[in-house]
Structures are given as structure tokens and as C-alpha cells.
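Report on the following structure.
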Amino acid sequence: MFGIGSGELLVIALVVLIAVGPQRMPQLMKAVGKGMRDLRKASSDLRKQSGLDDLMREDPLGVRELEREIRRPVAPQRSQKLTDEMRAQEAPAEGVDIALARRRVEKAKAAESRESEAS
């Protein structure tokens with residue numbers, strides 16, 4: 001209830017008991033109970049008058065359908081056959097870092113050769 005645990009509720013009850021006193025505690029609890037009952041009744045009447053419950057049941061925005069779509073399990077995709085080139089790129093024999101550095105050097109050399117040919 002309201003994110004309050006049982007230990008916290010016990011501490012609050014002890015503080016109220018000390019602040020109010022044991023003689024007036026039953027009267028206070030009756031008043032709190034009556035206030036909560038009146039609040040629930042008022043909110044229930046307000047929802048009936050405004051038609052909020054009917055709107056939530058109708059779901060004009062399609063929220064329930066969207067929630068079902070999100071929660072629907074996704075079918076597993078078929079595994080793709082890896083070619084030898086793809087395998088070599090994913091797990092190169094000399095290691096991923098060295099292969100990446102080698103590709104960067106090759107790209108830089110290719111860019112330099114294009115620049116030298118253009119000028």
C-alpha cells in the first residue's frame with residue numbers, strides 16, 4: 001500500500017500512538033477509516049458520472065491491442081549460413097584487433113593512391 005512496508009507501517013503506528021495517546025487512538029482510527037471510506041465512495045461516484053470506466057473498457061486508442069502485440073513472443077529467426085569470407089571477418093586467424101588495424105591501413109593506402117592519381 002503506497003509503497004510502505006510492514007516495518008515502516010509499524011514505525012508510523014508507534015509514532016501516532018505516542019503522539020495521540022492510547023485513549024484517543026480508537027477514535028482516530030475510526031475517523032481515518034471513515035475518511036477513507038468516504039474518499040473511495042466519492043471516487044467511485046466520480047468515475048460513474050464521468051464514464052471513465054466505460055472509456056477504459058472500450059479502449060479507443062488501442063492500448064490493449066498494442067500491449068498484446070508487445071507481449072507476443074517473437075518467432076526465432078532462421079540462422080543465416082555464413083560464407084568463408086564472413087567467418088574470416090568475424091573470427092580472423094591473427095585476431096580481431098590486428099585484422100581491424102590491417103583493414104584501416106589498407107583503406108588509408110587506397111585513399112592515398114587515389115589522391116596521388118587524381119593530382
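Scheme for the C-alpha cells: letters A, B, ... for chains in order shown; per-chain residue numbers from 1; ligand numbers from 1 in order shown.
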(request) Tell me, as a PyMOL selection string, which residues lie within 12 Å of range 5-19 of chain A, counting only C-alpha atoms; anything in the same chain fewer than 5 positions away does not count. (result) chain A and resi 24-29
Give me, as a PDB file with N, CA and C atoms, in the first residue's frame, the residues of chain A that a backbone DSSP run labels alpha helix (DSSP H).
ATOM      1  N   SER A   6       5.859  -3.291   5.891  1.00  0.00           N
ATOM      2  CA  SER A   6       5.256  -3.556   7.201  1.00  0.00           C
ATOM      3  C   SER A   6       6.067  -2.927   8.330  1.00  0.00           C
ATOM      4  N   GLY A   7       7.383  -2.918   8.226  1.00  0.00           N
ATOM      5  CA  GLY A   7       8.217  -2.290   9.244  1.00  0.00           C
ATOM      6  C   GLY A   7       7.991  -0.798   9.322  1.00  0.00           C
ATOM      7  N   GLU A   8       7.885  -0.157   8.144  1.00  0.00           N
ATOM      8  CA  GLU A   8       7.628   1.284   8.116  1.00  0.00           C
ATOM      9  C   GLU A   8       6.247   1.609   8.667  1.00  0.00           C
ATOM     10  N   LEU A   9       5.278   0.749   8.366  1.00  0.00           N
ATOM     11  CA  LEU A   9       3.923   0.944   8.879  1.00  0.00           C
ATOM     12  C   LEU A   9       3.901   0.826  10.406  1.00  0.00           C
ATOM     13  N   LEU A  10       4.689  -0.092  10.940  1.00  0.00           N
ATOM     14  CA  LEU A  10       4.777  -0.263  12.384  1.00  0.00           C
ATOM     15  C   LEU A  10       5.377   0.980  13.047  1.00  0.00           C
ATOM     16  N   VAL A  11       6.416   1.541  12.438  1.00  0.00           N
ATOM     17  CA  VAL A  11       7.025   2.759  12.977  1.00  0.00           C
ATOM     18  C   VAL A  11       6.024   3.910  12.953  1.00  0.00           C
ATOM     19  N   ILE A  12       5.296   4.057  11.875  1.00  0.00           N
ATOM     20  CA  ILE A  12       4.281   5.116  11.783  1.00  0.00           C
ATOM     21  C   ILE A  12       3.212   4.922  12.859  1.00  0.00           C
ATOM     22  N   ALA A  13       2.775   3.675  13.051  1.00  0.00           N
ATOM     23  CA  ALA A  13       1.757   3.392  14.069  1.00  0.00           C
ATOM     24  C   ALA A  13       2.267   3.737  15.461  1.00  0.00           C
ATOM     25  N   LEU A  14       3.528   3.429  15.755  1.00  0.00           N
ATOM     26  CA  LEU A  14       4.097   3.761  17.056  1.00  0.00           C
ATOM     27  C   LEU A  14       4.181   5.267  17.271  1.00  0.00           C
ATOM     28  N   VAL A  15       4.589   5.993  16.234  1.00  0.00           N
ATOM     29  CA  VAL A  15       4.667   7.451  16.342  1.00  0.00           C
ATOM     30  C   VAL A  15       3.280   8.041  16.575  1.00  0.00           C
ATOM     31  N   VAL A  16       2.280   7.560  15.865  1.00  0.00           N
ATOM     32  CA  VAL A  16       0.909   8.048  16.042  1.00  0.00           C
ATOM     33  C   VAL A  16       0.408   7.697  17.435  1.00  0.00           C
ATOM     34  N   LEU A  17       0.717   6.498  17.904  1.00  0.00           N
ATOM     35  CA  LEU A  17       0.294   6.082  19.244  1.00  0.00           C
ATOM     36  C   LEU A  17       0.905   6.993  20.307  1.00  0.00           C
ATOM     37  N   ILE A  18       2.173   7.317  20.152  1.00  0.00           N
ATOM     38  CA  ILE A  18       2.828   8.203  21.116  1.00  0.00           C
ATOM     39  C   ILE A  18       2.265   9.617  21.027  1.00  0.00           C
ATOM     40  N   ALA A  19       2.045  10.104  19.789  1.00  0.00           N
ATOM     41  CA  ALA A  19       1.562  11.471  19.599  1.00  0.00           C
ATOM     42  C   ALA A  19       0.113  11.637  20.066  1.00  0.00           C
ATOM     43  N   VAL A  20      -0.741  10.671  19.782  1.00  0.00           N
ATOM     44  CA  VAL A  20      -2.169  10.791  20.078  1.00  0.00           C
ATOM     45  C   VAL A  20      -2.482  10.279  21.479  1.00  0.00           C
ATOM     46  N   MET A  25      -6.631   6.863  20.482  1.00  0.00           N
ATOM     47  CA  MET A  25      -6.253   6.087  19.291  1.00  0.00           C
ATOM     48  C   MET A  25      -7.459   5.422  18.612  1.00  0.00           C
ATOM     49  N   PRO A  26      -8.390   4.763  19.331  1.00  0.00           N
ATOM     50  CA  PRO A  26      -9.545   4.153  18.652  1.00  0.00           C
ATOM     51  C   PRO A  26     -10.403   5.178  17.917  1.00  0.00           C
ATOM     52  N   GLN A  27     -10.595   6.353  18.506  1.00  0.00           N
ATOM     53  CA  GLN A  27     -11.378   7.404  17.847  1.00  0.00           C
ATOM     54  C   GLN A  27     -10.684   7.862  16.564  1.00  0.00           C
ATOM     55  N   LEU A  28      -9.344   8.007  16.635  1.00  0.00           N
ATOM     56  CA  LEU A  28      -8.585   8.435  15.459  1.00  0.00           C
ATOM     57  C   LEU A  28      -8.690   7.395  14.344  1.00  0.00           C
ATOM     58  N   MET A  29      -8.560   6.116  14.684  1.00  0.00           N
ATOM     59  CA  MET A  29      -8.631   5.066  13.671  1.00  0.00           C
ATOM     60  C   MET A  29     -10.017   5.003  13.030  1.00  0.00           C
ATOM     61  N   LYS A  30     -11.065   5.217  13.842  1.00  0.00           N
ATOM     62  CA  LYS A  30     -12.421   5.259  13.274  1.00  0.00           C
ATOM     63  C   LYS A  30     -12.559   6.414  12.303  1.00  0.00           C
ATOM     64  N   ALA A  31     -12.019   7.571  12.674  1.00  0.00           N
ATOM     65  CA  ALA A  31     -12.102   8.747  11.806  1.00  0.00           C
ATOM     66  C   ALA A  31     -11.325   8.529  10.510  1.00  0.00           C
ATOM     67  N   VAL A  32     -10.143   7.913  10.606  1.00  0.00           N
ATOM     68  CA  VAL A  32      -9.344   7.625   9.404  1.00  0.00           C
ATOM     69  C   VAL A  32     -10.084   6.630   8.519  1.00  0.00           C
ATOM     70  N   GLY A  33     -10.656   5.586   9.099  1.00  0.00           N
ATOM     71  CA  GLY A  33     -11.413   4.596   8.332  1.00  0.00           C
ATOM     72  C   GLY A  33     -12.612   5.209   7.637  1.00  0.00           C
ATOM     73  N   LYS A  34     -13.324   6.066   8.363  1.00  0.00           N
ATOM     74  CA  LYS A  34     -14.488   6.737   7.767  1.00  0.00           C
ATOM     75  C   LYS A  34     -14.053   7.661   6.629  1.00  0.00           C
ATOM     76  N   GLY A  35     -12.949   8.376   6.826  1.00  0.00           N
ATOM     77  CA  GLY A  35     -12.447   9.256   5.774  1.00  0.00           C
ATOM     78  C   GLY A  35     -12.051   8.488   4.521  1.00  0.00           C
ATOM     79  N   MET A  36     -11.383   7.340   4.685  1.00  0.00           N
ATOM     80  CA  MET A  36     -11.007   6.516   3.530  1.00  0.00           C
ATOM     81  C   MET A  36     -12.240   5.960   2.830  1.00  0.00           C
ATOM     82  N   ARG A  37     -13.229   5.525   3.614  1.00  0.00           N
ATOM     83  CA  ARG A  37     -14.468   5.007   3.023  1.00  0.00           C
ATOM     84  C   ARG A  37     -15.156   6.091   2.198  1.00  0.00           C
ATOM     85  N   ASP A  38     -15.238   7.315   2.750  1.00  0.00           N
ATOM     86  CA  ASP A  38     -15.864   8.432   2.030  1.00  0.00           C
ATOM     87  C   ASP A  38     -15.091   8.777   0.762  1.00  0.00           C
ATOM     88  N   LEU A  39     -13.765   8.731   0.846  1.00  0.00           N
ATOM     89  CA  LEU A  39     -12.935   9.027  -0.323  1.00  0.00           C
ATOM     90  C   LEU A  39     -13.159   7.992  -1.423  1.00  0.00           C
ATOM     91  N   ARG A  40     -13.194   6.715  -1.052  1.00  0.00           N
ATOM     92  CA  ARG A  40     -13.450   5.657  -2.046  1.00  0.00           C
ATOM     93  C   ARG A  40     -14.829   5.831  -2.692  1.00  0.00           C
ATOM     94  N   LYS A  41     -15.825   6.143  -1.867  1.00  0.00           N
ATOM     95  CA  LYS A  41     -17.181   6.325  -2.389  1.00  0.00           C
ATOM     96  C   LYS A  41     -17.231   7.509  -3.352  1.00  0.00           C
ATOM     97  N   ALA A  42     -16.563   8.609  -2.978  1.00  0.00           N
ATOM     98  CA  ALA A  42     -16.555   9.789  -3.844  1.00  0.00           C
ATOM     99  C   ALA A  42     -15.845   9.495  -5.166  1.00  0.00           C
ATOM    100  N   SER A  43     -14.727   8.788  -5.116  1.00  0.00           N
ATOM    101  CA  SER A  43     -14.027   8.477  -6.369  1.00  0.00           C
ATOM    102  C   SER A  43     -14.846   7.518  -7.225  1.00  0.00           C
ATOM    103  N   SER A  44     -15.544   6.575  -6.595  1.00  0.00           N
ATOM    104  CA  SER A  44     -16.400   5.659  -7.339  1.00  0.00           C
ATOM    105  C   SER A  44     -17.541   6.424  -8.021  1.00  0.00           C
ATOM    106  N   ASP A  45     -18.176   7.345  -7.282  1.00  0.00           N
ATOM    107  CA  ASP A  45     -19.254   8.148  -7.864  1.00  0.00           C
ATOM    108  C   ASP A  45     -18.739   9.011  -9.012  1.00  0.00           C
ATOM    109  N   LEU A  46     -17.574   9.587  -8.839  1.00  0.00           N
ATOM    110  CA  LEU A  46     -16.998  10.433  -9.891  1.00  0.00           C
ATOM    111  C   LEU A  46     -16.709   9.628 -11.155  1.00  0.00           C
ATOM    112  N   ARG A  47     -16.171   8.413 -10.969  1.00  0.00           N
ATOM    113  CA  ARG A  47     -15.900   7.575 -12.141  1.00  0.00           C
ATOM    114  C   ARG A  47     -17.186   7.186 -12.853  1.00  0.00           C
ATOM    115  N   LYS A  48     -18.252   6.910 -12.089  1.00  0.00           N
ATOM    116  CA  LYS A  48     -19.536   6.560 -12.703  1.00  0.00           C
ATOM    117  C   LYS A  48     -20.111   7.736 -13.472  1.00  0.00           C
ATOM    118  N   GLN A  49     -20.014   8.935 -12.891  1.00  0.00           N
ATOM    119  CA  GLN A  49     -20.575  10.120 -13.547  1.00  0.00           C
ATOM    120  C   GLN A  49     -19.782  10.511 -14.789  1.00  0.00           C
ATOM    121  N   SER A  50     -18.480  10.376 -14.735  1.00  0.00           N
ATOM    122  CA  SER A  50     -17.667  10.811 -15.878  1.00  0.00           C
ATOM    123  C   SER A  50     -17.613   9.763 -16.974  1.00  0.00           C
ATOM    124  N   LEU A  52     -15.561   7.233 -16.993  1.00  0.00           N
ATOM    125  CA  LEU A  52     -14.168   6.853 -17.161  1.00  0.00           C
ATOM    126  C   LEU A  52     -14.000   5.343 -17.273  1.00  0.00           C
ATOM    127  N   ASP A  53     -14.749   4.600 -16.480  1.00  0.00           N
ATOM    128  CA  ASP A  53     -14.660   3.137 -16.548  1.00  0.00           C
ATOM    129  C   ASP A  53     -15.092   2.618 -17.914  1.00  0.00           C
ATOM    130  N   ASP A  54     -16.140   3.225 -18.481  1.00  0.00           N
ATOM    131  CA  ASP A  54     -16.596   2.805 -19.813  1.00  0.00           C
ATOM    132  C   ASP A  54     -15.533   3.091 -20.866  1.00  0.00           C
ATOM    133  N   LEU A  55     -14.895   4.240 -20.765  1.00  0.00           N
ATOM    134  CA  LEU A  55     -13.834   4.576 -21.714  1.00  0.00           C
ATOM    135  C   LEU A  55     -12.669   3.596 -21.611  1.00  0.00           C
ATOM    136  N   MET A  56     -12.335   3.222 -20.395  1.00  0.00           N
ATOM    137  CA  MET A  56     -11.231   2.287 -20.215  1.00  0.00           C
ATOM    138  C   MET A  56     -11.592   0.903 -20.747  1.00  0.00           C
ATOM    139  N   ARG A  57     -12.857   0.511 -20.619  1.00  0.00           N
ATOM    140  CA  ARG A  57     -13.284  -0.780 -21.148  1.00  0.00           C
ATOM    141  C   ARG A  57     -13.297  -0.785 -22.669  1.00  0.00           C
ATOM    142  N   GLU A  58     -13.697   0.357 -23.277  1.00  0.00           N
ATOM    143  CA  GLU A  58     -13.782   0.432 -24.734  1.00  0.00           C
ATOM    144  C   GLU A  58     -12.413   0.440 -25.396  1.00  0.00           C
ATOM    145  N   VAL A  63      -4.840   0.575 -26.859  1.00  0.00           N
ATOM    146  CA  VAL A  63      -3.734   0.302 -25.949  1.00  0.00           C
ATOM    147  C   VAL A  63      -3.634  -1.187 -25.640  1.00  0.00           C
ATOM    148  N   ARG A  64      -4.762  -1.832 -25.450  1.00  0.00           N
ATOM    149  CA  ARG A  64      -4.715  -3.267 -25.129  1.00  0.00           C
ATOM    150  C   ARG A  64      -4.154  -4.080 -26.292  1.00  0.00           C
ATOM    151  N   GLU A  65      -4.541  -3.716 -27.491  1.00  0.00           N
ATOM    152  CA  GLU A  65      -4.017  -4.421 -28.665  1.00  0.00           C
ATOM    153  C   GLU A  65      -2.511  -4.199 -28.784  1.00  0.00           C
ATOM    154  N   LEU A  66      -2.081  -2.990 -28.521  1.00  0.00           N
ATOM    155  CA  LEU A  66      -0.656  -2.681 -28.562  1.00  0.00           C
ATOM    156  C   LEU A  66       0.095  -3.472 -27.495  1.00  0.00           C
ATOM    157  N   GLU A  67      -0.480  -3.586 -26.310  1.00  0.00           N
ATOM    158  CA  GLU A  67       0.158  -4.351 -25.239  1.00  0.00           C
ATOM    159  C   GLU A  67       0.256  -5.826 -25.624  1.00  0.00           C
ATOM    160  N   ARG A  68      -0.803  -6.366 -26.218  1.00  0.00           N
ATOM    161  CA  ARG A  68      -0.754  -7.760 -26.673  1.00  0.00           C
ATOM    162  C   ARG A  68       0.326  -7.950 -27.727  1.00  0.00           C
ATOM    163  N   GLU A  69       0.447  -6.989 -28.618  1.00  0.00           N
ATOM    164  CA  GLU A  69       1.449  -7.066 -29.679  1.00  0.00           C
ATOM    165  C   GLU A  69       2.856  -7.043 -29.095  1.00  0.00           C
ATOM    166  N   ILE A  70       3.041  -6.209 -28.075  1.00  0.00           N
ATOM    167  CA  ILE A  70       4.364  -6.111 -27.462  1.00  0.00           C
ATOM    168  C   ILE A  70       4.704  -7.388 -26.704  1.00  0.00           C
ATOM    169  N   ARG A  71       3.735  -7.957 -26.017  1.00  0.00           N
ATOM    170  CA  ARG A  71       3.988  -9.138 -25.202  1.00  0.00           C
ATOM    171  C   ARG A  71       4.006 -10.439 -26.004  1.00  0.00           C
ATOM    172  N   ASP A  84      32.648 -18.370 -46.097  1.00  0.00           N
ATOM    173  CA  ASP A  84      34.019 -18.399 -45.575  1.00  0.00           C
ATOM    174  C   ASP A  84      34.544 -16.987 -45.345  1.00  0.00           C
ATOM    175  N   GLU A  85      34.167 -16.069 -46.226  1.00  0.00           N
ATOM    176  CA  GLU A  85      34.606 -14.678 -46.083  1.00  0.00           C
ATOM    177  C   GLU A  85      34.018 -14.059 -44.807  1.00  0.00           C
ATOM    178  N   MET A  86      32.741 -14.351 -44.541  1.00  0.00           N
ATOM    179  CA  MET A  86      32.109 -13.830 -43.335  1.00  0.00           C
ATOM    180  C   MET A  86      32.756 -14.411 -42.080  1.00  0.00           C
ATOM    181  N   ARG A  87      33.058 -15.708 -42.117  1.00  0.00           N
ATOM    182  CA  ARG A  87      33.708 -16.341 -40.965  1.00  0.00           C
ATOM    183  C   ARG A  87      35.082 -15.737 -40.724  1.00  0.00           C
ATOM    184  N   ALA A  88      35.820 -15.495 -41.798  1.00  0.00           N
ATOM    185  CA  ALA A  88      37.157 -14.919 -41.665  1.00  0.00           C
ATOM    186  C   ALA A  88      37.075 -13.500 -41.102  1.00  0.00           C
ATOM    187  N   GLN A  89      36.033 -12.771 -41.475  1.00  0.00           N
ATOM    188  CA  GLN A  89      35.877 -11.417 -40.971  1.00  0.00           C
ATOM    189  C   GLN A  89      35.442 -11.423 -39.504  1.00  0.00           C
ATOM    190  N   GLU A  90      34.602 -12.370 -39.119  1.00  0.00           N
ATOM    191  CA  GLU A  90      34.120 -12.445 -37.751  1.00  0.00           C
ATOM    192  C   GLU A  90      35.186 -12.963 -36.789  1.00  0.00           C
ATOM    193  N   VAL A  96      41.150 -10.209 -33.862  1.00  0.00           N
ATOM    194  CA  VAL A  96      40.240  -9.169 -34.334  1.00  0.00           C
ATOM    195  C   VAL A  96      40.935  -7.813 -34.406  1.00  0.00           C
ATOM    196  N   ASP A  97      41.722  -7.461 -33.389  1.00  0.00           N
ATOM    197  CA  ASP A  97      42.373  -6.152 -33.362  1.00  0.00           C
ATOM    198  C   ASP A  97      43.368  -5.977 -34.501  1.00  0.00           C
ATOM    199  N   ILE A  98      44.155  -7.001 -34.749  1.00  0.00           N
ATOM    200  CA  ILE A  98      45.153  -6.917 -35.820  1.00  0.00           C
ATOM    201  C   ILE A  98      44.459  -6.849 -37.173  1.00  0.00           C
ATOM    202  N   ALA A  99      43.418  -7.633 -37.360  1.00  0.00           N
ATOM    203  CA  ALA A  99      42.696  -7.615 -38.632  1.00  0.00           C
ATOM    204  C   ALA A  99      42.054  -6.255 -38.864  1.00  0.00           C
ATOM    205  N   LEU A 100      41.502  -5.645 -37.825  1.00  0.00           N
ATOM    206  CA  LEU A 100      40.894  -4.324 -37.950  1.00  0.00           C
ATOM    207  C   LEU A 100      41.953  -3.276 -38.297  1.00  0.00           C
ATOM    208  N   ALA A 101      43.086  -3.341 -37.635  1.00  0.00           N
ATOM    209  CA  ALA A 101      44.171  -2.400 -37.925  1.00  0.00           C
ATOM    210  C   ALA A 101      44.663  -2.577 -39.363  1.00  0.00           C
ATOM    211  N   ARG A 102      44.766  -3.826 -39.811  1.00  0.00           N
ATOM    212  CA  ARG A 102      45.222  -4.091 -41.182  1.00  0.00           C
ATOM    213  C   ARG A 102      44.233  -3.502 -42.200  1.00  0.00           C
ATOM    214  N   ARG A 103      42.910  -3.661 -41.939  1.00  0.00           N
ATOM    215  CA  ARG A 103      41.913  -3.095 -42.860  1.00  0.00           C
ATOM    216  C   ARG A 103      41.998  -1.575 -42.902  1.00  0.00           C
ATOM    217  N   ARG A 104      42.227  -0.954 -41.757  1.00  0.00           N
ATOM    218  CA  ARG A 104      42.347   0.511 -41.716  1.00  0.00           C
ATOM    219  C   ARG A 104      43.563   0.979 -42.507  1.00  0.00           C
ATOM    220  N   VAL A 105      44.675   0.276 -42.374  1.00  0.00           N
ATOM    221  CA  VAL A 105      45.883   0.635 -43.126  1.00  0.00           C
ATOM    222  C   VAL A 105      45.636   0.473 -44.620  1.00  0.00           C
ATOM    223  N   GLU A 106      44.967  -0.616 -44.998  1.00  0.00           N
ATOM    224  CA  GLU A 106      44.681  -0.840 -46.422  1.00  0.00           C
ATOM    225  C   GLU A 106      43.771   0.255 -46.978  1.00  0.00           C
ATOM    226  N   LYS A 107      42.777   0.690 -46.198  1.00  0.00           N
ATOM    227  CA  LYS A 107      41.889   1.765 -46.645  1.00  0.00           C
ATOM    228  C   LYS A 107      42.647   3.071 -46.777  1.00  0.00           C
ATOM    229  N   ALA A 108      43.536   3.340 -45.831  1.00  0.00           N
ATOM    230  CA  ALA A 108      44.322   4.582 -45.892  1.00  0.00           C
ATOM    231  C   ALA A 108      45.238   4.577 -47.110  1.00  0.00           C
ATOM    232  N   LYS A 109      45.881   3.442 -47.409  1.00  0.00           N
ATOM    233  CA  LYS A 109      46.750   3.337 -48.579  1.00  0.00           C
ATOM    234  C   LYS A 109      45.945   3.516 -49.861  1.00  0.00           C
ATOM    235  N   ALA A 110      44.737   2.941 -49.899  1.00  0.00           N
ATOM    236  CA  ALA A 110      43.890   3.078 -51.090  1.00  0.00           C
ATOM    237  C   ALA A 110      43.480   4.536 -51.271  1.00  0.00           C
ATOM    238  N   ALA A 111      43.181   5.223 -50.193  1.00  0.00           N
ATOM    239  CA  ALA A 111      42.802   6.639 -50.287  1.00  0.00           C
ATOM    240  C   ALA A 111      43.983   7.483 -50.749  1.00  0.00           C
ATOM    241  N   GLU A 112      45.197   7.176 -50.270  1.00  0.00           N
ATOM    242  CA  GLU A 112      46.399   7.920 -50.696  1.00  0.00           C
ATOM    243  C   GLU A 112      46.681   7.703 -52.173  1.00  0.00           C
ATOM    244  N   SER A 113      46.505   6.468 -52.622  1.00  0.00           N
ATOM    245  CA  SER A 113      46.785   6.173 -54.037  1.00  0.00           C
ATOM    246  C   SER A 113      45.752   6.876 -54.935  1.00  0.00           C
ATOM    247  N   ARG A 114      44.516   6.979 -54.498  1.00  0.00           N
ATOM    248  CA  ARG A 114      43.519   7.708 -55.279  1.00  0.00           C
ATOM    249  C   ARG A 114      43.838   9.193 -55.343  1.00  0.00           C
ATOM    250  N   GLU A 115      44.302   9.739 -54.215  1.00  0.00           N
ATOM    251  CA  GLU A 115      44.659  11.152 -54.174  1.00  0.00           C
ATOM    252  C   GLU A 115      45.853  11.433 -55.086  1.00  0.00           C
ATOM    253  N   SER A 116      46.828  10.529 -55.080  1.00  0.00           N
ATOM    254  CA  SER A 116      48.027  10.744 -55.906  1.00  0.00           C
ATOM    255  C   SER A 116      47.683  10.609 -57.398  1.00  0.00           C
ATOM    256  N   GLU A 117      46.764   9.704 -57.736  1.00  0.00           N
ATOM    257  CA  GLU A 117      46.336   9.556 -59.122  1.00  0.00           C
ATOM    258  C   GLU A 117      45.522  10.752 -59.585  1.00  0.00           C
ATOM    259  N   ALA A 118      44.754  11.345 -58.674  1.00  0.00           N
ATOM    260  CA  ALA A 118      43.898  12.479 -59.034  1.00  0.00           C
ATOM    261  C   ALA A 118      44.730  13.739 -59.262  1.00  0.00           C
TER     262      ALA A 118
END
(request) May I ask for the distance between CA of Pro92 in chain A and CA of Gln77 in chain A, given in Å to one decimal place? (result)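 Spanning CA of Pro92 in chain A to CA of Gln77 in chain A is a straight-line distance of 25.7 Å.
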